[in-house]
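Enquirer: This is the structure I have questions about; it appears just below.
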Amino acid sequence: MMKQDDKVNGGPLRGHRVVELCSTIAGPVCARLLADFGAEVIKIESREGDPGRNFGAQVEGVSLYGSSMYRNKRAIVLDLKTPEGRDIALKLLDKADVLVENFRPGVLDRLGLGEAVLRERNPGLVTVRISGYGQTGPYRDLPGYGAICEAVAGVRHMTGDPDRPPARCALPTTDYLTAVYAAFGTMMALYERTRSGKGQMIDVALYESAFSQMEEVVTAYEPTGSVPMRQGPRLMNTAPNSLYPTSDEHWVLIAANNDAIFRRLAAIMGHREWATDPRYATQRARGERVQEVDDLVSAWTRERSAAEVRRLLDEAEVPVAPVYTIADIFEDQHYRAREMLMRIPHPKLGEVTMAGVVPKLSRTPGQVVKAGPGVGEDTREVLVQDLGLSAAEVDRLERAGAVWCGAGEHPMPASSQAAAG
């Protein structure tokens, strides 16, 4: 496992400033991607903190998920409903290259932080606006989390087993896909700005990110009228490509999609004749006999352990993988070799292991230089060092409830909550 030294991130986005006005997952992960590659990210939260800090396990009051999702960022607390809090946010945005926000459309306008105001003050600002349904259209004002938008996008209908209700993926896949699209849009806008000198708005909708996975289904619908159904572990009209049981009560996924791979699988299974059998010789023929082919493969895997199946098929260059648990991942040599399990120093817990940086850049790689901060941990530093406020002025703002500097002498009144949470 990689242990990263605490040093300045020299990634390709070094020198770019990002203000994050986000909660839960998609927005914070987008900003985290930028931070991983060197952007200076200032996360603005409410006094109660981003709800994402309540997701997953807590140890000694520390959000383990937050230690990763907010890594490489500085965290400050502002009450955007106060004039002072809003003015501080505007001053930070005046110096920023990017704003990442995931309020419902129109909320920031009501707070005095709308597109027109920001564009007038900082014409080069790139604004990344993440919402359930986008900034336009009849659904723009509806609330939408990733799971809700998966349902609208048709993705939930395609998830699970055909004889059961639509299933939920146990991971926030739509939020992470949206974060990647948002970061991709950010990079395109920053690149275009090098020519025009102007910023622009990036409108990222969760339902559209989810819907983009339906590309094959969309193209087929009008010509064929096909409404595909959930396939369970199988790949539609393809065999063998599914989960298969082993003698030691594990599961392996085998993907012998094309004819050349299937011939290698058939040989390992002791049935070279399948390569010329019209029932199995072609991908189309096997796609018409999915259950039959899967039964043949299952009968073979049931007689062998997962390790033996993997060894035999790896040697035959047939794509295969055991279904890993997180415990298996922590023991896997490839994860260690690729630095995908990083041990990062933590001021309270000693160290936290978190997922590594993706993707890998050869010359200017991303880094994790620090674990995610606590709520308001960097408020005083940002206000003094970045905005030039005096310590006395920060104390006054904290007493007034416009900012909060973490557990200290002047806690923000419980009734004063920021809008960013």
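Numbering starts fresh at 1 for the residues of each chain in the structure tokens, the chains themselves are lettered A, B, ... in the order given, and ligands are numbered from 1 as they appear.
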Which residues are close to A:Ala153, i.e. within 8 Å by only C-alpha atoms, leaving aside same-chain residues fewer than 4 positions away? Reply as a list in words.
Expert: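 Once the adjacent positions are removed, what remains is Cys149, Tyr207, Glu208, Ala210 and Phe211 of chain A.
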Enquirer: With N, CA, C and O atoms retained, write the just-selected residues as a PDB file, in the first residue's frame.
Expert:
```
ATOM      1  N   CYS A 149     -32.790   9.525 -10.176  1.00  0.00           N
ATOM      2  CA  CYS A 149     -32.510   9.797 -11.582  1.00  0.00           C
ATOM      3  C   CYS A 149     -32.205   8.526 -12.364  1.00  0.00           C
ATOM      4  O   CYS A 149     -32.440   8.470 -13.578  1.00  0.00           O
ATOM      5  N   TYR A 207     -29.697  12.653 -14.208  1.00  0.00           N
ATOM      6  CA  TYR A 207     -30.478  11.718 -15.026  1.00  0.00           C
ATOM      7  C   TYR A 207     -29.835  11.530 -16.397  1.00  0.00           C
ATOM      8  O   TYR A 207     -29.909  10.437 -16.978  1.00  0.00           O
ATOM      9  N   GLU A 208     -29.191  12.584 -16.932  1.00  0.00           N
ATOM     10  CA  GLU A 208     -28.547  12.462 -18.233  1.00  0.00           C
ATOM     11  C   GLU A 208     -27.270  11.634 -18.156  1.00  0.00           C
ATOM     12  O   GLU A 208     -26.939  10.894 -19.097  1.00  0.00           O
ATOM     13  N   ALA A 210     -26.862   9.146 -16.077  1.00  0.00           N
ATOM     14  CA  ALA A 210     -27.366   7.775 -16.024  1.00  0.00           C
ATOM     15  C   ALA A 210     -27.853   7.325 -17.401  1.00  0.00           C
ATOM     16  O   ALA A 210     -27.566   6.211 -17.855  1.00  0.00           O
ATOM     17  N   PHE A 211     -28.599   8.201 -18.078  1.00  0.00           N
ATOM     18  CA  PHE A 211     -29.181   7.865 -19.372  1.00  0.00           C
ATOM     19  C   PHE A 211     -28.116   7.592 -20.426  1.00  0.00           C
ATOM     20  O   PHE A 211     -28.338   6.803 -21.351  1.00  0.00           O
TER      21      PHE A 211
END
```
Enquirer: Need the shell around stretch 12-27 of chain A: protein/DNA/RNA residues with any atom at most 7 Å away, counting only C-alpha atoms. Skip same-chain ones fewer than 6 positions apart. Format as a PyMOL selection string?
Expert: chain A and resi 37-44+50-52+93+96-102+130+175-176+178-179+364+420-421
Enquirer: So what do you get for atom CA of A:His157 versus atom CA of A:Gln213, distance-wise?
Expert: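 Spanning atom CA of A:His157 to atom CA of A:Gln213 is a straight-line distance of 12.5 Å.
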Enquirer: Which residues in stretch 91-250 of chain A does DSSP call helix (DSSP H, G or I)? List them as a ChimeraX atom specification.
Expert: /A:91-94,107-110,115-121,146-152,156-158,173-196,206-224
Enquirer: Taking the DSSP assignment computed from this structure's backbone, write out as a PDB file with all heavy atoms, in the first residue's frame all residues of stretch 222-378 of chain A that belong to strand (DSSP E or B).
Expert:
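That gives us selection21.pdb:
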```
ATOM      1  N   ASN A 241     -21.195 -15.345 -20.683  1.00  0.00           N
ATOM      2  CA  ASN A 241     -20.783 -14.104 -20.024  1.00  0.00           C
ATOM      3  C   ASN A 241     -21.694 -13.933 -18.821  1.00  0.00           C
ATOM      4  O   ASN A 241     -22.728 -13.287 -18.883  1.00  0.00           O
ATOM      5  CB  ASN A 241     -20.902 -12.901 -20.954  1.00  0.00           C
ATOM      6  CG  ASN A 241     -20.269 -11.654 -20.355  1.00  0.00           C
ATOM      7  OD1 ASN A 241     -20.479 -11.334 -19.194  1.00  0.00           O
ATOM      8  ND2 ASN A 241     -19.492 -10.947 -21.155  1.00  0.00           N
ATOM      9  N   SER A 242     -21.285 -14.562 -17.706  1.00  0.00           N
ATOM     10  CA  SER A 242     -22.139 -14.561 -16.526  1.00  0.00           C
ATOM     11  C   SER A 242     -21.320 -14.989 -15.314  1.00  0.00           C
ATOM     12  O   SER A 242     -20.101 -15.164 -15.397  1.00  0.00           O
ATOM     13  CB  SER A 242     -23.326 -15.511 -16.741  1.00  0.00           C
ATOM     14  OG  SER A 242     -24.276 -15.385 -15.690  1.00  0.00           O
ATOM     15  N   LEU A 243     -22.015 -15.139 -14.200  1.00  0.00           N
ATOM     16  CA  LEU A 243     -21.408 -15.679 -12.985  1.00  0.00           C
ATOM     17  C   LEU A 243     -21.613 -17.183 -12.950  1.00  0.00           C
ATOM     18  O   LEU A 243     -22.707 -17.680 -13.260  1.00  0.00           O
ATOM     19  CB  LEU A 243     -22.046 -15.059 -11.746  1.00  0.00           C
ATOM     20  CG  LEU A 243     -21.786 -13.573 -11.511  1.00  0.00           C
ATOM     21  CD1 LEU A 243     -22.591 -13.086 -10.314  1.00  0.00           C
ATOM     22  CD2 LEU A 243     -20.303 -13.314 -11.299  1.00  0.00           C
ATOM     23  N   TYR A 244     -20.559 -17.896 -12.519  1.00  0.00           N
ATOM     24  CA  TYR A 244     -20.629 -19.351 -12.493  1.00  0.00           C
ATOM     25  C   TYR A 244     -20.140 -19.846 -11.132  1.00  0.00           C
ATOM     26  O   TYR A 244     -19.143 -19.348 -10.594  1.00  0.00           O
ATOM     27  CB  TYR A 244     -19.785 -19.940 -13.628  1.00  0.00           C
ATOM     28  CG  TYR A 244     -20.237 -19.428 -14.979  1.00  0.00           C
ATOM     29  CD1 TYR A 244     -19.602 -18.339 -15.576  1.00  0.00           C
ATOM     30  CD2 TYR A 244     -21.324 -19.992 -15.630  1.00  0.00           C
ATOM     31  CE1 TYR A 244     -20.029 -17.842 -16.801  1.00  0.00           C
ATOM     32  CE2 TYR A 244     -21.769 -19.504 -16.855  1.00  0.00           C
ATOM     33  CZ  TYR A 244     -21.117 -18.421 -17.435  1.00  0.00           C
ATOM     34  OH  TYR A 244     -21.559 -17.925 -18.634  1.00  0.00           O
ATOM     35  N   PRO A 245     -20.833 -20.851 -10.554  1.00  0.00           N
ATOM     36  CA  PRO A 245     -20.489 -21.334  -9.209  1.00  0.00           C
ATOM     37  C   PRO A 245     -19.265 -22.233  -9.229  1.00  0.00           C
ATOM     38  O   PRO A 245     -18.963 -22.888 -10.227  1.00  0.00           O
ATOM     39  CB  PRO A 245     -21.741 -22.118  -8.806  1.00  0.00           C
ATOM     40  CG  PRO A 245     -22.290 -22.627 -10.116  1.00  0.00           C
ATOM     41  CD  PRO A 245     -21.998 -21.560 -11.127  1.00  0.00           C
ATOM     42  N   TRP A 251     -18.012 -17.533  -6.539  1.00  0.00           N
ATOM     43  CA  TRP A 251     -18.499 -17.256  -7.893  1.00  0.00           C
ATOM     44  C   TRP A 251     -17.355 -16.689  -8.717  1.00  0.00           C
ATOM     45  O   TRP A 251     -16.536 -15.918  -8.217  1.00  0.00           O
ATOM     46  CB  TRP A 251     -19.635 -16.227  -7.862  1.00  0.00           C
ATOM     47  CG  TRP A 251     -20.886 -16.716  -7.192  1.00  0.00           C
ATOM     48  CD1 TRP A 251     -21.219 -16.594  -5.873  1.00  0.00           C
ATOM     49  CD2 TRP A 251     -21.972 -17.411  -7.815  1.00  0.00           C
ATOM     50  NE1 TRP A 251     -22.443 -17.165  -5.631  1.00  0.00           N
ATOM     51  CE2 TRP A 251     -22.931 -17.666  -6.808  1.00  0.00           C
ATOM     52  CE3 TRP A 251     -22.236 -17.831  -9.124  1.00  0.00           C
ATOM     53  CZ2 TRP A 251     -24.128 -18.328  -7.071  1.00  0.00           C
ATOM     54  CZ3 TRP A 251     -23.433 -18.483  -9.384  1.00  0.00           C
ATOM     55  CH2 TRP A 251     -24.357 -18.736  -8.367  1.00  0.00           C
ATOM     56  N   VAL A 252     -17.324 -17.092  -9.993  1.00  0.00           N
ATOM     57  CA  VAL A 252     -16.373 -16.501 -10.929  1.00  0.00           C
ATOM     58  C   VAL A 252     -17.159 -15.931 -12.105  1.00  0.00           C
ATOM     59  O   VAL A 252     -18.206 -16.460 -12.490  1.00  0.00           O
ATOM     60  CB  VAL A 252     -15.341 -17.524 -11.442  1.00  0.00           C
ATOM     61  CG1 VAL A 252     -14.412 -17.958 -10.330  1.00  0.00           C
ATOM     62  CG2 VAL A 252     -16.029 -18.718 -12.090  1.00  0.00           C
ATOM     63  N   LEU A 253     -16.660 -14.845 -12.641  1.00  0.00           N
ATOM     64  CA  LEU A 253     -17.258 -14.275 -13.843  1.00  0.00           C
ATOM     65  C   LEU A 253     -16.379 -14.636 -15.026  1.00  0.00           C
ATOM     66  O   LEU A 253     -15.182 -14.357 -15.018  1.00  0.00           O
ATOM     67  CB  LEU A 253     -17.397 -12.758 -13.731  1.00  0.00           C
ATOM     68  CG  LEU A 253     -18.424 -12.136 -14.690  1.00  0.00           C
ATOM     69  CD1 LEU A 253     -19.015 -10.871 -14.099  1.00  0.00           C
ATOM     70  CD2 LEU A 253     -17.849 -11.866 -16.061  1.00  0.00           C
ATOM     71  N   ILE A 254     -16.972 -15.293 -16.005  1.00  0.00           N
ATOM     72  CA  ILE A 254     -16.276 -15.680 -17.228  1.00  0.00           C
ATOM     73  C   ILE A 254     -16.917 -14.934 -18.383  1.00  0.00           C
ATOM     74  O   ILE A 254     -18.139 -14.915 -18.527  1.00  0.00           O
ATOM     75  CB  ILE A 254     -16.355 -17.204 -17.465  1.00  0.00           C
ATOM     76  CG1 ILE A 254     -15.692 -17.954 -16.297  1.00  0.00           C
ATOM     77  CG2 ILE A 254     -15.703 -17.593 -18.793  1.00  0.00           C
ATOM     78  CD1 ILE A 254     -15.892 -19.451 -16.342  1.00  0.00           C
ATOM     79  N   ALA A 255     -16.078 -14.304 -19.217  1.00  0.00           N
ATOM     80  CA  ALA A 255     -16.578 -13.537 -20.357  1.00  0.00           C
ATOM     81  C   ALA A 255     -15.890 -14.030 -21.618  1.00  0.00           C
ATOM     82  O   ALA A 255     -14.884 -13.464 -22.059  1.00  0.00           O
ATOM     83  CB  ALA A 255     -16.333 -12.047 -20.147  1.00  0.00           C
ATOM     84  N   VAL A 320     -11.454 -13.906 -17.017  1.00  0.00           N
ATOM     85  CA  VAL A 320     -12.087 -14.509 -15.850  1.00  0.00           C
ATOM     86  C   VAL A 320     -11.716 -13.689 -14.627  1.00  0.00           C
ATOM     87  O   VAL A 320     -10.636 -13.085 -14.565  1.00  0.00           O
ATOM     88  CB  VAL A 320     -11.639 -15.975 -15.665  1.00  0.00           C
ATOM     89  CG1 VAL A 320     -10.129 -16.052 -15.443  1.00  0.00           C
ATOM     90  CG2 VAL A 320     -12.391 -16.656 -14.525  1.00  0.00           C
ATOM     91  N   ALA A 321     -12.599 -13.649 -13.668  1.00  0.00           N
ATOM     92  CA  ALA A 321     -12.300 -12.975 -12.404  1.00  0.00           C
ATOM     93  C   ALA A 321     -13.182 -13.544 -11.309  1.00  0.00           C
ATOM     94  O   ALA A 321     -14.373 -13.793 -11.527  1.00  0.00           O
ATOM     95  CB  ALA A 321     -12.530 -11.472 -12.517  1.00  0.00           C
ATOM     96  N   PRO A 322     -12.611 -13.765 -10.129  1.00  0.00           N
ATOM     97  CA  PRO A 322     -13.457 -14.082  -8.982  1.00  0.00           C
ATOM     98  C   PRO A 322     -14.240 -12.844  -8.573  1.00  0.00           C
ATOM     99  O   PRO A 322     -13.838 -11.717  -8.867  1.00  0.00           O
ATOM    100  CB  PRO A 322     -12.443 -14.483  -7.906  1.00  0.00           C
ATOM    101  CG  PRO A 322     -11.199 -13.736  -8.276  1.00  0.00           C
ATOM    102  CD  PRO A 322     -11.195 -13.648  -9.772  1.00  0.00           C
ATOM    103  N   LEU A 341      -4.507   1.358  -3.212  1.00  0.00           N
ATOM    104  CA  LEU A 341      -4.803   1.386  -1.782  1.00  0.00           C
ATOM    105  C   LEU A 341      -3.738   2.264  -1.132  1.00  0.00           C
ATOM    106  O   LEU A 341      -2.601   1.847  -0.950  1.00  0.00           O
ATOM    107  CB  LEU A 341      -4.795  -0.018  -1.175  1.00  0.00           C
ATOM    108  CG  LEU A 341      -5.908  -0.957  -1.654  1.00  0.00           C
ATOM    109  CD1 LEU A 341      -5.651  -2.373  -1.176  1.00  0.00           C
ATOM    110  CD2 LEU A 341      -7.271  -0.471  -1.159  1.00  0.00           C
ATOM    111  N   MET A 342      -4.115   3.482  -0.800  1.00  0.00           N
ATOM    112  CA  MET A 342      -3.147   4.467  -0.318  1.00  0.00           C
ATOM    113  C   MET A 342      -3.351   4.703   1.173  1.00  0.00           C
ATOM    114  O   MET A 342      -4.469   4.976   1.619  1.00  0.00           O
ATOM    115  CB  MET A 342      -3.322   5.783  -1.078  1.00  0.00           C
ATOM    116  CG  MET A 342      -3.204   5.659  -2.582  1.00  0.00           C
ATOM    117  SD  MET A 342      -3.371   7.249  -3.432  1.00  0.00           S
ATOM    118  CE  MET A 342      -1.818   8.017  -2.985  1.00  0.00           C
ATOM    119  N   ARG A 343      -2.282   4.600   1.915  1.00  0.00           N
ATOM    120  CA  ARG A 343      -2.325   4.885   3.353  1.00  0.00           C
ATOM    121  C   ARG A 343      -1.909   6.333   3.554  1.00  0.00           C
ATOM    122  O   ARG A 343      -0.763   6.699   3.318  1.00  0.00           O
ATOM    123  CB  ARG A 343      -1.420   3.931   4.121  1.00  0.00           C
ATOM    124  CG  ARG A 343      -1.854   2.470   4.006  1.00  0.00           C
ATOM    125  CD  ARG A 343      -1.034   1.559   4.892  1.00  0.00           C
ATOM    126  NE  ARG A 343      -1.297   1.809   6.297  1.00  0.00           N
ATOM    127  CZ  ARG A 343      -2.292   1.246   6.989  1.00  0.00           C
ATOM    128  NH1 ARG A 343      -3.138   0.417   6.393  1.00  0.00           N
ATOM    129  NH2 ARG A 343      -2.459   1.512   8.258  1.00  0.00           N
ATOM    130  N   ILE A 344      -2.865   7.138   4.003  1.00  0.00           N
ATOM    131  CA  ILE A 344      -2.673   8.575   4.114  1.00  0.00           C
ATOM    132  C   ILE A 344      -2.679   8.978   5.583  1.00  0.00           C
ATOM    133  O   ILE A 344      -3.555   8.553   6.345  1.00  0.00           O
ATOM    134  CB  ILE A 344      -3.785   9.329   3.353  1.00  0.00           C
ATOM    135  CG1 ILE A 344      -3.839   8.854   1.892  1.00  0.00           C
ATOM    136  CG2 ILE A 344      -3.580  10.831   3.432  1.00  0.00           C
ATOM    137  CD1 ILE A 344      -2.558   9.053   1.122  1.00  0.00           C
ATOM    138  N   PRO A 345      -1.730   9.800   6.017  1.00  0.00           N
ATOM    139  CA  PRO A 345      -1.723  10.246   7.412  1.00  0.00           C
ATOM    140  C   PRO A 345      -3.012  10.978   7.773  1.00  0.00           C
ATOM    141  O   PRO A 345      -3.549  11.740   6.966  1.00  0.00           O
ATOM    142  CB  PRO A 345      -0.514  11.190   7.465  1.00  0.00           C
ATOM    143  CG  PRO A 345       0.357  10.767   6.336  1.00  0.00           C
ATOM    144  CD  PRO A 345      -0.573  10.305   5.257  1.00  0.00           C
ATOM    145  N   HIS A 346      -3.481  10.747   8.999  1.00  0.00           N
ATOM    146  CA  HIS A 346      -4.677  11.426   9.499  1.00  0.00           C
ATOM    147  C   HIS A 346      -4.381  11.971  10.891  1.00  0.00           C
ATOM    148  O   HIS A 346      -3.845  11.254  11.741  1.00  0.00           O
ATOM    149  CB  HIS A 346      -5.871  10.463   9.552  1.00  0.00           C
ATOM    150  CG  HIS A 346      -7.171  11.140   9.808  1.00  0.00           C
ATOM    151  ND1 HIS A 346      -7.568  11.542  11.071  1.00  0.00           N
ATOM    152  CD2 HIS A 346      -8.180  11.515   8.968  1.00  0.00           C
ATOM    153  CE1 HIS A 346      -8.755  12.121  10.994  1.00  0.00           C
ATOM    154  NE2 HIS A 346      -9.148  12.111   9.734  1.00  0.00           N
ATOM    155  N   GLY A 350      -4.336   8.540  12.882  1.00  0.00           N
ATOM    156  CA  GLY A 350      -3.011   8.027  12.535  1.00  0.00           C
ATOM    157  C   GLY A 350      -2.861   7.861  11.038  1.00  0.00           C
ATOM    158  O   GLY A 350      -2.086   8.563  10.389  1.00  0.00           O
ATOM    159  N   GLU A 351      -3.616   6.925  10.452  1.00  0.00           N
ATOM    160  CA  GLU A 351      -3.632   6.709   9.016  1.00  0.00           C
ATOM    161  C   GLU A 351      -5.025   6.272   8.585  1.00  0.00           C
ATOM    162  O   GLU A 351      -5.757   5.663   9.357  1.00  0.00           O
ATOM    163  CB  GLU A 351      -2.618   5.635   8.591  1.00  0.00           C
ATOM    164  CG  GLU A 351      -1.167   6.076   8.617  1.00  0.00           C
ATOM    165  CD  GLU A 351      -0.244   5.017   8.055  1.00  0.00           C
ATOM    166  OE1 GLU A 351      -0.564   3.813   8.190  1.00  0.00           O
ATOM    167  OE2 GLU A 351       0.801   5.388   7.496  1.00  0.00           O
ATOM    168  N   VAL A 352      -5.348   6.578   7.344  1.00  0.00           N
ATOM    169  CA  VAL A 352      -6.581   6.101   6.729  1.00  0.00           C
ATOM    170  C   VAL A 352      -6.214   5.538   5.368  1.00  0.00           C
ATOM    171  O   VAL A 352      -5.463   6.163   4.610  1.00  0.00           O
ATOM    172  CB  VAL A 352      -7.619   7.229   6.562  1.00  0.00           C
ATOM    173  CG1 VAL A 352      -8.841   6.729   5.810  1.00  0.00           C
ATOM    174  CG2 VAL A 352      -8.034   7.791   7.914  1.00  0.00           C
ATOM    175  N   THR A 353      -6.721   4.351   5.055  1.00  0.00           N
ATOM    176  CA  THR A 353      -6.522   3.789   3.733  1.00  0.00           C
ATOM    177  C   THR A 353      -7.668   4.212   2.837  1.00  0.00           C
ATOM    178  O   THR A 353      -8.838   4.075   3.207  1.00  0.00           O
ATOM    179  CB  THR A 353      -6.435   2.256   3.780  1.00  0.00           C
ATOM    180  OG1 THR A 353      -5.351   1.870   4.622  1.00  0.00           O
ATOM    181  CG2 THR A 353      -6.214   1.673   2.391  1.00  0.00           C
ATOM    182  N   MET A 354      -7.338   4.726   1.667  1.00  0.00           N
ATOM    183  CA  MET A 354      -8.366   5.181   0.735  1.00  0.00           C
ATOM    184  C   MET A 354      -8.004   4.768  -0.687  1.00  0.00           C
ATOM    185  O   MET A 354      -6.869   4.394  -0.978  1.00  0.00           O
ATOM    186  CB  MET A 354      -8.557   6.693   0.829  1.00  0.00           C
ATOM    187  CG  MET A 354      -7.323   7.514   0.555  1.00  0.00           C
ATOM    188  SD  MET A 354      -7.597   9.297   0.809  1.00  0.00           S
ATOM    189  CE  MET A 354      -7.798   9.394   2.604  1.00  0.00           C
ATOM    190  N   ALA A 355      -9.008   4.816  -1.556  1.00  0.00           N
ATOM    191  CA  ALA A 355      -8.788   4.454  -2.951  1.00  0.00           C
ATOM    192  C   ALA A 355      -7.828   5.431  -3.609  1.00  0.00           C
ATOM    193  O   ALA A 355      -7.847   6.635  -3.343  1.00  0.00           O
ATOM    194  CB  ALA A 355     -10.119   4.432  -3.705  1.00  0.00           C
TER     195      ALA A 355
END
```
Enquirer: Would you pick out the contacts of A:Asn72 at 7 Å or less, using only C-alpha atoms, so that residues sharing its chain but fewer than 5 positions from it are not included, and give the list as JSON, numbers by chain?
Expert: {"A": [35, 36, 368, 369, 370, 371, 372]}
Enquirer: Would you export the selected residues with C-alpha atoms as an mmCIF file, in the first residue's frame, please?
Expert:
```cif
data_model
loop_
_atom_site.group_PDB
_atom_site.id
_atom_site.type_symbol
_atom_site.label_atom_id
_atom_site.label_comp_id
_atom_site.auth_asym_id
_atom_site.auth_seq_id
_atom_site.Cartn_x
_atom_site.Cartn_y
_atom_site.Cartn_z
ATOM 1 C CA ALA A 35 -8.044 18.353 -6.225
ATOM 2 C CA ASP A 36 -6.331 15.025 -6.865
ATOM 3 C CA VAL A 368 -3.145 12.581 -2.292
ATOM 4 C CA VAL A 369 -1.341 14.997 -0.013
ATOM 5 C CA LYS A 370 -3.748 15.067 2.918
ATOM 6 C CA ALA A 371 -6.904 13.482 4.244
ATOM 7 C CA GLY A 372 -10.162 15.376 4.223
#
```
Enquirer: Would you mind telling me which residue in A:Val155, A:Ala189, A:Ile261, A:Leu383 lies nearest to A:Ser209 when using only C-alpha atoms?
Expert: A:Val155
Enquirer: Excluding A:Arg168 and any residue of its chain fewer than 4 positions from it, enumerate the residues within 8 Å of it, using only C-alpha atoms, and give them as a PyMOL selection string.
Expert: chain A and resi 147+156+159-160
